[in-house]
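Novice: Contents of entry.txt (compact mmCIF, C-alpha atoms and all ligand atoms) are below:
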```
# COMPACT_ATOMS: atom_id res chain seq x y z
CA MET V 1396 67.54 96.00 65.90
CA GLY V 1397 70.87 97.81 65.77
CA PHE V 1398 73.66 96.93 63.40
CA MET V 1399 75.76 95.30 66.15
CA SER V 1400 72.82 93.08 67.21
CA VAL V 1401 72.27 91.98 63.62
CA LEU V 1402 75.97 91.22 63.29
CA LYS V 1403 75.93 89.24 66.56
CA ASN V 1404 72.98 87.17 65.31
CA ILE V 1405 74.79 86.36 62.09
CA LEU V 1406 78.11 85.53 63.75
CA GLY V 1407 76.61 83.69 66.71
CA PRO V 1408 77.93 83.93 70.29
CA LYS V 1409 81.57 84.93 70.73
CA PRO V 1410 83.74 81.90 71.57
CA PRO V 1411 84.95 82.16 75.19
CA LYS V 1412 88.46 83.60 75.48
CA LYS V 1413 90.95 80.76 75.90
CA LYS V 1414 92.56 80.91 79.31
CA LYS V 1415 96.34 81.00 79.18
CA PRO V 1416 97.61 78.29 81.54
CA ILE V 1417 101.18 79.59 81.46
CA THR V 1418 101.93 82.89 83.12
CA GLN V 1419 105.55 83.37 82.25
CA MET V 1420 107.80 81.95 79.57
CA GLN V 1421 111.40 82.53 80.56
CA LEU V 1422 113.26 82.63 77.30
CA GLU V 1423 117.02 82.13 77.15
CA ILE V 1424 118.22 83.71 73.92
CA SER V 1425 121.79 83.87 75.17
CA HIS V 1426 123.45 81.11 77.16
CA LEU V 1427 126.65 81.20 79.16
CA SER V 1428 127.64 78.04 80.98
CA PRO V 1429 127.77 78.69 84.73
CA THR V 1430 130.77 76.34 85.02
CA GLU V 1431 132.72 76.19 81.75
CA PRO V 1432 134.89 79.10 80.58
CA GLU V 1433 133.29 79.33 77.17
CA GLU V 1434 131.71 81.84 74.81
CA ASN V 1435 128.03 82.75 74.78
CA LYS V 1436 125.77 80.50 72.78
CA PHE V 1437 122.93 82.26 71.02
CA MET V 1438 119.44 81.12 70.09
CA ASP V 1439 119.07 80.81 66.29
CA LYS V 1440 116.66 83.26 64.75
CA GLU V 1441 114.80 80.32 63.18
CA VAL V 1442 114.34 78.65 66.55
CA PHE V 1443 113.26 81.98 68.02
CA LEU V 1444 110.64 82.50 65.30
CA ARG V 1445 109.26 79.01 65.87
CA ILE V 1446 108.96 79.73 69.61
CA ALA V 1447 107.46 83.15 68.89
CA ASN V 1448 104.45 81.30 67.45
CA PHE V 1449 103.59 80.34 71.03
CA PHE V 1450 103.97 83.80 72.59
CA ASP V 1451 100.22 84.41 72.42
CA GLN V 1452 99.75 81.39 74.72
CA VAL V 1453 101.63 82.97 77.62
CA LYS V 1454 100.98 86.11 79.62
CA VAL V 1455 104.58 87.32 79.86
CA VAL V 1456 107.72 86.62 77.85
CA ASN V 1457 110.68 87.07 80.17
CA PHE V 1458 114.06 87.32 78.44
CA SER V 1459 116.46 85.83 80.96
CA GLY V 1460 118.57 82.74 81.47
CA TRP V 1461 122.15 81.69 82.05
CA GLY V 1462 123.52 84.37 79.70
CA ASP V 1463 122.68 88.05 79.36
CA PRO V 1464 119.92 88.50 76.74
CA LEU V 1465 121.41 91.82 75.64
CA GLU V 1466 124.47 89.90 74.37
CA HIS V 1467 122.38 88.42 71.57
CA PRO V 1468 123.15 90.35 68.35
CA GLU V 1469 119.45 90.38 67.45
CA ALA V 1470 118.09 90.96 70.93
CA LEU V 1471 116.25 94.17 70.09
CA GLU V 1472 114.49 92.61 67.11
CA MET V 1473 113.48 89.69 69.31
CA PHE V 1474 112.04 92.05 71.96
CA ARG V 1475 110.09 93.79 69.21
CA ILE V 1476 108.63 90.51 67.91
CA ALA V 1477 107.73 89.45 71.44
CA ARG V 1478 105.90 92.75 71.96
CA GLU V 1479 104.01 92.33 68.70
CA LYS V 1480 103.11 88.68 69.21
CA GLY V 1481 102.76 88.24 72.91
CA GLY V 1482 102.32 91.50 74.62
CA ARG V 1483 104.01 91.81 78.00
CA VAL V 1484 107.80 91.61 77.91
CA HIS V 1485 110.29 91.52 80.79
CA ILE V 1486 114.08 91.61 80.54
CA VAL V 1487 116.63 90.50 83.14
CA THR V 1488 120.15 91.76 82.48
CA GLU V 1489 123.41 92.85 84.07
CA GLY V 1490 122.79 96.12 82.26
CA LYS V 1491 126.35 96.68 81.05
CA LEU V 1492 125.22 96.75 77.41
CA LEU V 1493 122.46 99.30 77.91
CA THR V 1494 123.60 101.97 75.48
CA PRO V 1495 121.63 105.26 75.25
CA SER V 1496 120.05 104.12 71.99
CA LEU V 1497 119.07 100.74 73.46
CA CYS V 1498 117.56 102.49 76.50
CA GLN V 1499 115.49 104.65 74.20
CA GLN V 1500 114.26 101.67 72.18
CA ILE V 1501 113.40 99.69 75.30
CA VAL V 1502 111.20 102.57 76.41
CA GLU V 1503 109.68 103.00 72.95
CA LEU V 1504 108.90 99.29 72.66
CA GLY V 1505 106.96 99.46 75.91
CA ILE V 1506 108.95 96.78 77.76
CA GLU V 1507 107.02 96.24 80.97
CA LYS V 1508 109.81 95.35 83.40
CA LEU V 1509 113.60 95.65 83.39
CA THR V 1510 115.51 93.88 86.15
CA ILE V 1511 119.19 94.77 86.59
CA LYS V 1512 121.28 92.20 88.42
CA LEU V 1513 123.86 93.58 90.84
CA CYS V 1514 126.53 91.55 92.58
CA PRO V 1515 129.42 93.73 93.74
CA PRO V 1516 132.33 93.68 93.15
CA HIS V 1517 131.54 92.09 89.73
CA ASN V 1518 128.36 93.94 88.81
CA THR V 1519 128.07 97.27 90.52
CA LEU V 1520 125.55 100.10 90.59
CA ASP V 1521 128.21 102.51 89.32
CA GLN V 1522 128.60 100.47 86.13
CA VAL V 1523 124.92 100.91 85.26
CA ARG V 1524 124.05 104.22 86.92
CA GLU V 1525 124.32 106.30 83.77
CA SER V 1526 122.12 103.90 81.77
CA LEU V 1527 119.61 103.81 84.60
CA GLU V 1528 119.45 107.60 84.74
CA ASN V 1529 118.98 107.64 81.01
CA ILE V 1530 116.14 105.14 80.93
CA LEU V 1531 114.47 106.69 83.96
CA SER V 1532 114.52 110.10 82.33
CA LEU V 1533 112.93 108.67 79.16
CA ARG V 1534 110.16 106.53 80.60
CA LYS V 1535 106.69 107.66 81.51
CA ASN V 1536 105.56 104.56 83.45
CA ASP V 1537 107.24 101.59 81.79
CA PRO V 1538 109.54 99.86 82.16
CA GLU V 1539 109.30 99.17 85.85
CA ILE V 1540 112.94 99.16 87.04
CA ILE V 1541 114.08 96.65 89.62
CA LEU V 1542 117.55 96.28 91.06
CA ASP V 1543 118.25 92.72 92.19
CA TYR V 1544 121.21 92.58 94.59
CA LYS V 1545 122.75 89.11 94.91
CA LEU V 1546 124.04 88.72 98.47
CA THR V 1547 127.46 87.23 99.19
CA VAL V 1548 129.73 87.38 102.21
CA ASN V 1549 131.92 89.75 100.18
CA ASN V 1550 129.26 92.35 99.44
CA LEU V 1551 126.72 92.12 102.26
CA ASN V 1552 128.32 94.95 104.22
CA LEU V 1553 128.01 97.23 101.15
CA LEU V 1554 124.25 96.70 100.94
CA PRO V 1555 123.12 99.72 103.03
CA GLN V 1556 125.41 102.06 101.15
CA VAL V 1557 124.39 100.77 97.68
CA LEU V 1558 120.73 101.11 98.60
CA GLU V 1559 121.36 104.64 99.83
CA SER V 1560 123.12 105.46 96.58
CA ALA V 1561 120.22 103.96 94.56
CA SER V 1562 117.69 106.05 96.47
CA SER V 1563 118.44 109.10 94.32
CA LEU V 1564 117.23 107.13 91.28
CA ASN V 1565 113.53 106.74 90.87
CA ILE V 1566 113.57 102.90 90.72
CA ASN V 1567 110.49 100.80 91.54
CA GLU V 1568 112.11 98.19 93.74
CA PHE V 1569 115.42 97.25 95.31
CA LYS V 1570 115.33 93.55 96.05
CA THR V 1571 117.89 91.16 97.44
CA SER V 1572 118.38 87.50 96.66
CA ASN V 1573 120.61 84.72 97.82
CA LEU V 1574 123.07 82.73 95.75
CA ASP V 1575 120.70 79.91 94.93
CA PHE V 1576 122.27 77.65 92.31
CA ILE V 1577 125.81 77.13 93.56
CA PHE V 1578 128.26 75.67 91.07
CA THR V 1579 131.71 76.24 92.56
CA GLU V 1580 133.39 75.83 95.89
CA GLU V 1581 134.18 79.55 95.88
CA LEU V 1582 130.49 80.41 95.52
CA ASN V 1583 129.61 77.87 98.15
CA ASN V 1584 131.95 79.65 100.54
CA SER V 1585 130.45 83.03 99.76
CA LYS V 1586 126.79 82.27 100.42
CA VAL V 1587 125.31 84.19 103.35
CA PHE V 1588 122.73 81.64 104.39
CA GLU V 1589 123.54 78.65 106.56
CA GLY V 1590 121.86 75.53 107.87
CA LYS V 1591 121.47 72.04 106.51
CA VAL V 1592 118.39 70.47 105.08
CA SER V 1593 117.79 66.81 105.87
CA ASP V 1594 114.93 64.40 105.28
CA GLU V 1595 114.07 64.77 108.97
CA ASN V 1596 114.06 68.56 109.22
CA ARG V 1597 113.13 69.44 105.58
CA GLY V 1598 114.31 72.91 106.34
CA ASP V 1599 112.56 73.32 109.70
CA LEU V 1600 114.50 76.16 111.33
CA ILE V 1601 114.28 74.97 114.91
CA LYS V 1602 115.20 71.40 114.00
CA GLN V 1603 118.25 72.88 112.26
CA GLY V 1604 119.11 74.59 115.54
CA LYS V 1605 118.59 78.04 113.99
CA VAL V 1606 115.76 80.46 114.24
CA LYS V 1607 117.48 83.11 112.14
CA GLY V 1608 120.56 83.55 110.02
CA LYS V 1609 123.90 84.73 111.37
CA ALA V 1610 123.26 87.68 113.74
CA GLU V 1611 125.63 90.08 111.97
CA TYR V 1612 124.00 89.35 108.59
CA GLU V 1613 120.48 89.77 109.94
CA GLU V 1614 121.62 93.05 111.49
CA ILE V 1615 122.82 94.41 108.12
CA ILE V 1616 119.54 93.43 106.49
CA SER V 1617 117.47 95.11 109.18
CA GLN V 1618 119.71 98.22 109.08
CA THR V 1619 119.14 98.37 105.28
CA GLU V 1620 115.38 98.02 105.80
CA LYS V 1621 115.44 101.04 108.12
CA ILE V 1622 117.41 103.12 105.61
CA ALA V 1623 115.03 102.09 102.85
CA ASN V 1624 112.00 103.13 104.93
CA LYS V 1625 113.60 106.46 105.72
CA LEU V 1626 114.52 107.15 102.10
CA GLY V 1627 111.27 105.83 100.64
CA VAL V 1628 112.85 102.97 98.66
CA TYR V 1629 110.71 99.88 98.14
CA PHE V 1630 113.08 97.26 99.57
CA THR V 1631 112.58 93.49 99.52
CA PRO V 1632 114.86 91.60 101.92
CA PRO V 1633 115.87 87.99 101.22
CA GLN V 1634 113.12 85.55 102.15
CA THR V 1635 115.32 83.85 104.70
CA LEU V 1636 118.96 83.26 105.64
CA VAL V 1637 118.26 79.68 106.72
CA PRO V 1638 116.78 77.15 104.27
CA LYS V 1639 113.12 76.56 105.02
CA GLU V 1640 110.93 74.27 102.94
CA ALA V 1641 108.56 76.14 100.63
CA VAL V 1642 105.17 74.85 99.53
CA VAL V 1643 106.16 75.76 95.95
CA CYS V 1644 109.49 77.26 94.92
CA GLU V 1645 109.90 80.85 93.78
CA TYR V 1646 110.04 79.80 90.11
CA GLU V 1647 106.42 78.75 90.41
CA PRO V 1648 106.58 75.71 88.13
CA LEU V 1649 102.77 75.51 88.25
CA LYS V 1650 102.61 78.64 86.13
CA ASN V 1651 105.99 79.23 84.48
CA VAL V 1652 108.22 77.49 81.95
CA PHE V 1653 111.85 77.89 80.96
CA ILE V 1654 113.03 77.63 77.34
CA THR V 1655 116.73 77.01 76.67
CA TRP V 1656 118.73 78.67 73.89
CA GLU V 1657 118.26 75.41 71.93
CA GLY V 1658 114.47 75.57 72.24
CA ARG V 1659 114.05 72.89 74.90
CA LEU V 1660 111.48 73.24 77.65
CA ALA V 1661 112.23 72.67 81.36
CA PRO V 1662 110.33 73.74 84.49
CA CYS V 1663 113.11 76.15 85.54
CA PRO V 1664 116.66 77.27 84.59
CA PHE V 1665 118.29 74.86 87.02
CA LEU V 1666 116.62 71.76 85.57
CA SER V 1667 117.58 72.81 82.05
CA LEU V 1668 121.28 72.25 82.71
CA ASN V 1669 123.06 69.09 81.72
CA LYS V 1670 126.20 67.38 83.04
CA ILE V 1671 126.82 69.87 85.76
CA SER V 1672 128.02 69.63 89.35
CA TYR V 1673 126.67 71.86 92.05
CA TYR V 1674 126.78 72.33 95.80
CA PHE V 1675 123.97 71.60 98.19
CA ASN V 1676 124.22 71.02 101.93
CA GLU V 1677 128.02 71.45 101.66
CA GLN V 1678 128.23 68.50 99.29
CA LYS V 1679 129.16 68.41 95.64
CA LEU V 1680 126.39 66.70 93.66
CA GLU V 1681 125.68 65.84 90.04
CA GLN V 1682 122.63 67.55 88.66
CA THR V 1683 120.06 65.50 86.76
CA PRO V 1684 118.32 67.56 84.07
CA TYR V 1685 114.57 67.46 83.64
CA ILE V 1686 113.77 68.36 80.05
CA VAL V 1687 110.13 68.05 79.06
CA GLY V 1688 110.66 68.26 75.31
CA ASP V 1689 111.65 70.36 72.35
CA LEU V 1690 109.66 73.33 71.06
CA LYS V 1691 111.34 73.01 67.68
CA THR V 1692 109.35 69.86 67.03
CA THR V 1693 106.41 69.96 69.47
CA ASP V 1694 103.83 72.61 70.21
CA LEU V 1695 103.83 74.36 73.57
CA GLU V 1696 100.37 73.11 74.50
CA ASN V 1697 101.36 69.49 73.81
CA LEU V 1698 104.49 69.81 75.92
CA TRP V 1699 102.54 71.47 78.75
CA ASN V 1700 100.10 68.54 78.69
CA GLU V 1701 102.78 65.81 78.56
CA ASN V 1702 101.99 63.13 81.15
CA LYS V 1703 105.32 63.29 82.92
CA TYR V 1704 105.13 67.08 83.14
CA GLU V 1705 101.58 66.91 84.49
CA GLU V 1706 102.72 64.41 87.10
CA PHE V 1707 105.54 66.77 88.10
CA ARG V 1708 103.11 69.68 88.47
CA ASN V 1709 100.51 67.53 90.26
CA VAL V 1710 102.92 67.12 93.16
CA TYR V 1711 103.08 70.88 93.61
CA GLN V 1712 99.36 71.25 92.94
CA LYS V 1713 98.62 68.86 95.80
CA ARG V 1714 100.96 70.77 98.13
CA VAL V 1715 99.21 74.04 97.30
CA GLN V 1716 95.80 72.44 97.98
CA LEU V 1717 97.03 71.19 101.36
CA PHE V 1718 98.36 74.62 102.23
CA ASN V 1719 95.12 76.36 101.19
CA ALA V 1720 93.07 73.91 103.25
CA TYR V 1721 95.34 74.61 106.24
CA MET V 1722 94.88 78.38 105.83
CA GLU V 1723 91.13 78.00 105.59
CA GLU V 1724 90.81 75.65 108.58
CA THR V 1725 93.14 77.74 110.70
CA PHE V 1726 92.34 81.33 109.94
CA GLU V 1727 88.70 81.47 109.02
CA GLY V 1728 87.79 82.14 112.66
CA GLU V 1729 89.84 83.39 115.61
CA PRO V 1730 92.65 80.82 115.89
CA ASN V 1731 93.92 79.92 119.36
CA ALA V 1732 97.42 78.65 120.10
CA GLN V 1733 96.28 75.02 120.30
CA LEU V 1734 94.52 75.15 116.94
CA LEU V 1735 97.53 76.83 115.34
CA ALA V 1736 99.92 74.18 116.67
CA ASN V 1737 97.67 71.24 115.75
CA ASN V 1738 96.95 72.46 112.24
CA TYR V 1739 100.57 73.33 111.58
CA GLU V 1740 101.63 69.87 112.69
CA LYS V 1741 99.01 68.35 110.41
CA LEU V 1742 100.19 70.42 107.45
CA ASP V 1743 103.79 69.50 108.17
CA ARG V 1744 102.87 65.82 108.19
CA GLN V 1745 100.91 66.15 104.96
CA LEU V 1746 103.75 67.96 103.21
CA LEU V 1747 106.13 65.25 104.37
CA GLU V 1748 103.84 62.67 102.74
CA ASN V 1749 103.71 64.81 99.58
CA LYS V 1750 107.37 65.71 99.15
CA VAL V 1751 108.58 67.97 96.33
CA PRO V 1752 109.55 66.03 93.16
CA ASP V 1753 112.85 64.11 93.33
CA CYS V 1754 114.58 66.50 90.93
CA CYS V 1755 113.81 69.44 93.25
CA ARG V 1756 114.90 67.90 96.54
CA SER V 1757 118.49 69.08 96.38
CA CYS V 1758 117.72 72.55 95.11
CA TYR V 1759 117.91 75.47 97.52
CA LYS V 1760 114.92 77.08 95.81
CA ALA V 1761 112.75 74.33 97.27
CA TYR V 1762 113.81 75.70 100.66
CA SER V 1763 112.96 79.38 100.04
CA ILE V 1764 116.56 80.41 99.31
S1 LIG M 1801 112.66 73.65 93.34
FE1 LIG M 1801 114.47 74.14 92.14
S2 LIG M 1801 114.63 72.51 90.67
FE2 LIG M 1801 112.53 72.48 91.44
S3 LIG M 1801 111.35 73.73 90.04
FE3 LIG M 1801 112.02 75.05 91.71
S4 LIG M 1801 113.92 75.96 90.98
FE4 LIG M 1801 113.51 74.20 89.71
```
Kindly present the structure from the file in structure tokens form.
Ligand code: SF4
Specialist:
Amino acid sequence: MGFMSVLKNILGPKPPKKKKPITQMQLEISHLSPTEPEENKFMDKEVFLRIANFFDQVKVVNFSGWGDPLEHPEALEMFRIAREKGGRVHIVTEGKLLTPSLCQQIVELGIEKLTIKLCPPHNTLDQVRESLENILSLRKNDPEIILDYKLTVNNLNLLPQVLESASSLNINEFKTSNLDFIFTEELNNSKVFEGKVSDENRGDLIKQGKVKGKAEYEEIISQTEKIANKLGVYFTPPQTLVPKEAVVCEYEPLKNVFITWEGRLAPCPFLSLNKISYYFNEQKLEQTPYIVGDLKTTDLENLWNENKYEEFRNVYQKRVQLFNAYMEETFEGEPNAQLLANNYEKLDRQLLENKVPDCCRSCYKAYSI
């Protein structure tokens, strides 16, 4: 019997690896109110270290939130701890603070993904080009670099030209996203999507009288897609320019959690905000926060298993099950038009009976925006 076999006999069978239920912990180490003209608020190192105890329970720690994580004076140290304790680290930033030394350390730390948010004329590619060139020249494979272009009526026409300009950089993806959480009238007027969600249409395009977004906007998107194909840029267009109910929103609350700069846990950044007004369906509404609990006093696993949080996730779980059953029933053979129509109608009815949670109903993310 070999040494390893003897050792195995003494130690007994290896305990099964514990499955991590949470894929991504979005961690807000720097907070900037989306409505108040105030200074950044930073996560205390003590709070951070307490939360870092739970990093091994999640697959990815994603430094992002309402403020830029690079603003935190100890950001680099926090990235280092996250790498040591958790493993995979992503950063979402405007990129303006990416100094040459920071770029080098990000590469050395093995950060897996770096997303740079663009929203001309405020955040432009020119402002971050030098840093991007720097980081791209230093990296072997990581970090993956993604440019995320926030679409507004003021910058949509610049999209093809910015993508063309980015094509000389060796980035991994150029994606576009809509203004999703809309806090001011000005932002509301600059969104590029249109259409109104009601209880009756729940985002159904035809019932909203729209099959697509505004023709001129769709044209710019498709023109950009053609340029991207020609130049070999991996381009992701916005999901839609008309709200359309999603089975589960893009934040994937079944897998991900959001931690505020104070250490509180919410399903997503939007639900972490308190006393805030926002715009939805051309109306100004008051947001109701949905805070599950506080990681300063409660362990992550206990918060994840809280009854009210489980109930929240069960709603989405049920919707996913209904959707999977629909896919199986519809596409396992050769579907004909009648089967497609009948099954879609059935799914629509079932999703209506299993609406998204109340706190998500007036959020554009629930409608694929
Ligand atoms: S639908 Fe909106 S409020 Fe609900 S979890 Fe998704 S992002 Fe958050």
Novice: Tell me which protein, DNA and RNA residues are within 10 Å of region 1415-1421 of chain V, counting all atoms listed in the file, leaving out same-chain ones fewer than 2 positions away, and put them as a PDB file with C-alpha atoms, keeping the file's coordinate frame.
Specialist:
```pdb
ATOM      1  CA  LYS V1412      88.460  83.600  75.480  1.00  0.00           C
ATOM      2  CA  LYS V1413      90.950  80.760  75.900  1.00  0.00           C
ATOM      3  CA  GLU V1423     117.020  82.130  77.150  1.00  0.00           C
ATOM      4  CA  ILE V1424     118.220  83.710  73.920  1.00  0.00           C
ATOM      5  CA  PHE V1449     103.590  80.340  71.030  1.00  0.00           C
ATOM      6  CA  PHE V1450     103.970  83.800  72.590  1.00  0.00           C
ATOM      7  CA  ASP V1451     100.220  84.410  72.420  1.00  0.00           C
ATOM      8  CA  GLN V1452      99.750  81.390  74.720  1.00  0.00           C
ATOM      9  CA  VAL V1453     101.630  82.970  77.620  1.00  0.00           C
ATOM     10  CA  LYS V1454     100.980  86.110  79.620  1.00  0.00           C
ATOM     11  CA  VAL V1455     104.580  87.320  79.860  1.00  0.00           C
ATOM     12  CA  VAL V1456     107.720  86.620  77.850  1.00  0.00           C
ATOM     13  CA  ASN V1457     110.680  87.070  80.170  1.00  0.00           C
ATOM     14  CA  PHE V1458     114.060  87.320  78.440  1.00  0.00           C
ATOM     15  CA  SER V1459     116.460  85.830  80.960  1.00  0.00           C
ATOM     16  CA  GLY V1460     118.570  82.740  81.470  1.00  0.00           C
ATOM     17  CA  ARG V1483     104.010  91.810  78.000  1.00  0.00           C
ATOM     18  CA  VAL V1484     107.800  91.610  77.910  1.00  0.00           C
ATOM     19  CA  HIS V1485     110.290  91.520  80.790  1.00  0.00           C
ATOM     20  CA  ILE V1486     114.080  91.610  80.540  1.00  0.00           C
ATOM     21  CA  VAL V1487     116.630  90.500  83.140  1.00  0.00           C
ATOM     22  CA  TYR V1646     110.040  79.800  90.110  1.00  0.00           C
ATOM     23  CA  GLU V1647     106.420  78.750  90.410  1.00  0.00           C
ATOM     24  CA  PRO V1648     106.580  75.710  88.130  1.00  0.00           C
ATOM     25  CA  LEU V1649     102.770  75.510  88.250  1.00  0.00           C
ATOM     26  CA  LYS V1650     102.610  78.640  86.130  1.00  0.00           C
ATOM     27  CA  ASN V1651     105.990  79.230  84.480  1.00  0.00           C
ATOM     28  CA  VAL V1652     108.220  77.490  81.950  1.00  0.00           C
ATOM     29  CA  PHE V1653     111.850  77.890  80.960  1.00  0.00           C
ATOM     30  CA  ILE V1654     113.030  77.630  77.340  1.00  0.00           C
ATOM     31  CA  THR V1655     116.730  77.010  76.670  1.00  0.00           C
ATOM     32  CA  LEU V1660     111.480  73.240  77.650  1.00  0.00           C
ATOM     33  CA  ALA V1661     112.230  72.670  81.360  1.00  0.00           C
ATOM     34  CA  PRO V1662     110.330  73.740  84.490  1.00  0.00           C
ATOM     35  CA  CYS V1663     113.110  76.150  85.540  1.00  0.00           C
ATOM     36  CA  PRO V1664     116.660  77.270  84.590  1.00  0.00           C
ATOM     37  CA  LEU V1695     103.830  74.360  73.570  1.00  0.00           C
ATOM     38  CA  GLU V1696     100.370  73.110  74.500  1.00  0.00           C
ATOM     39  CA  TRP V1699     102.540  71.470  78.750  1.00  0.00           C
TER      40      TRP V1699
END
```
Novice: Identify, counting only C-alpha atoms and all ligand atoms, the protein, DNA and RNA residues located within 8 Å of ligand LIG 1801 (chain M), and give them as a ChimeraX atom specification.
Specialist: /V:1643-1648,1662-1666,1751-1752,1754-1762
Novice: Which value, in Å to one decimal, gives the distance between CA of Thr1635 (chain V) and CA of Phe1718 (chain V)?
Specialist: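 Interatomic distance here is 19.5 Å.
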Novice: Just want the 12 Å neighbourhood of Pro1633 (chain V), counted on all atoms listed in the file, with same-chain residues fewer than 6 positions away dropped. Output as an NGL selection string.
Specialist: :V and (1543-1547 or 1551 or 1569-1575 or 1587-1588 or 1608 or 1612-1613 or 1615-1617 or 1619-1620 or 1645 or 1763-1764)
Novice: What's around Asn1584 (chain V) at 12 Å? Count all atoms listed in the file, leave out sequence neighbours fewer than 3 positions away in its own chain, and write the answer as a list in words.
Specialist: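 Those residues are Thr1547, Val1548, Asn1549, Leu1574, Ile1577, Phe1578, Thr1579, Glu1580, Glu1581, Val1587, Phe1588, Glu1589, Tyr1674, Phe1675, Asn1676, Glu1677 and Gln1678 of chain V.
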Novice: Report, in Å with one decimal, the straight-line distance from CA of Gln1499 (chain V) to CA of Asp1439 (chain V).
Specialist: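 Value for the CA of Gln1499 (chain V)-CA of Asp1439 (chain V) distance: 25.4 Å.
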Novice: Kindly give the distance, in Å, that separates CA of Asp1599 (chain V) and CA of Lys1639 (chain V), rounded to a single decimal.
Specialist: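 Taking CA of Asp1599 (chain V) as the start and CA of Lys1639 (chain V) as the end point, the length is 5.7 Å.
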Novice: Nearest residue to Pro1495 (chain V) out of V:Leu1527, V:Lys1480, V:Leu1520, V:Ala1447, using all atoms listed in the file?
Specialist: V:Leu1527
Novice: Using only C-alpha atoms, pick whichever of V:Leu1533, V:Lys1436, V:Ser1526, V:Met1473 has the shortest atom-to-atom distance to Glu1489 (chain V).
Specialist: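 Smallest separation from Glu1489 (chain V) among the options: V:Ser1526.
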Novice: Which one is closest to Lys1750 (chain V): V:Leu1471, V:Leu1509, V:Ala1641, V:Leu1698? Count only C-alpha atoms.
Specialist: V:Ala1641
Novice: Counting all atoms listed in the file, figure out which residue out of V:Thr1494, V:Glu1528, V:Asn1550, V:Tyr1685 gets nearest to Pro1515 (chain V).
Specialist: V:Asn1550
Novice: Looking at V:Lys1440, V:Arg1524, V:Lys1670, V:Lys1535, which one is nearest to His1467 (chain V), with distances taken over all atoms listed in the file?
Specialist: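 Closest candidate: V:Lys1440.
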Novice: Give the answer as one residue: which of V:Gln1682, V:Gln1556, V:Asn1596, V:Ser1562 has the shortest atom-to-atom distance to Lys1625 (chain V), using all atoms listed in the file?
Specialist: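 Closest candidate: V:Ser1562.
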Novice: Rebuild N, CA and C atoms on region 1447-1460 of chain V, as a compact mmCIF listing (two decimals), in the frame of the given file?
Specialist:
```txt
# COMPACT_ATOMS: atom_id res chain seq x y z
N ALA V 1447 108.31 81.94 68.88
CA ALA V 1447 107.46 83.15 68.89
C ALA V 1447 106.01 82.82 68.51
N ASN V 1448 105.82 81.71 67.79
CA ASN V 1448 104.45 81.30 67.45
C ASN V 1448 103.63 80.98 68.69
N PHE V 1449 104.32 80.72 69.80
CA PHE V 1449 103.59 80.34 71.03
C PHE V 1449 103.46 81.51 72.01
N PHE V 1450 104.00 82.67 71.65
CA PHE V 1450 103.97 83.80 72.59
C PHE V 1450 102.55 84.20 72.99
N ASP V 1451 101.59 84.00 72.06
CA ASP V 1451 100.22 84.41 72.42
C ASP V 1451 99.58 83.43 73.40
N GLN V 1452 100.30 82.35 73.74
CA GLN V 1452 99.75 81.39 74.72
C GLN V 1452 100.25 81.66 76.14
N VAL V 1453 101.11 82.66 76.28
CA VAL V 1453 101.63 82.97 77.62
C VAL V 1453 101.34 84.43 77.94
N LYS V 1454 101.30 84.73 79.25
CA LYS V 1454 100.98 86.11 79.62
C LYS V 1454 102.19 87.02 79.49
N VAL V 1455 103.36 86.49 79.87
CA VAL V 1455 104.58 87.32 79.86
C VAL V 1455 105.72 86.55 79.21
N VAL V 1456 106.48 87.22 78.35
CA VAL V 1456 107.72 86.62 77.85
C VAL V 1456 108.85 87.32 78.61
N ASN V 1457 109.62 86.52 79.34
CA ASN V 1457 110.68 87.07 80.17
C ASN V 1457 112.03 86.68 79.59
N PHE V 1458 112.74 87.62 79.02
CA PHE V 1458 114.06 87.32 78.44
C PHE V 1458 115.08 87.24 79.57
N SER V 1459 115.46 86.02 79.90
CA SER V 1459 116.46 85.83 80.96
C SER V 1459 117.04 84.44 80.79
N GLY V 1460 117.99 84.08 81.59
CA GLY V 1460 118.57 82.74 81.47
C GLY V 1460 119.99 82.75 81.99
```
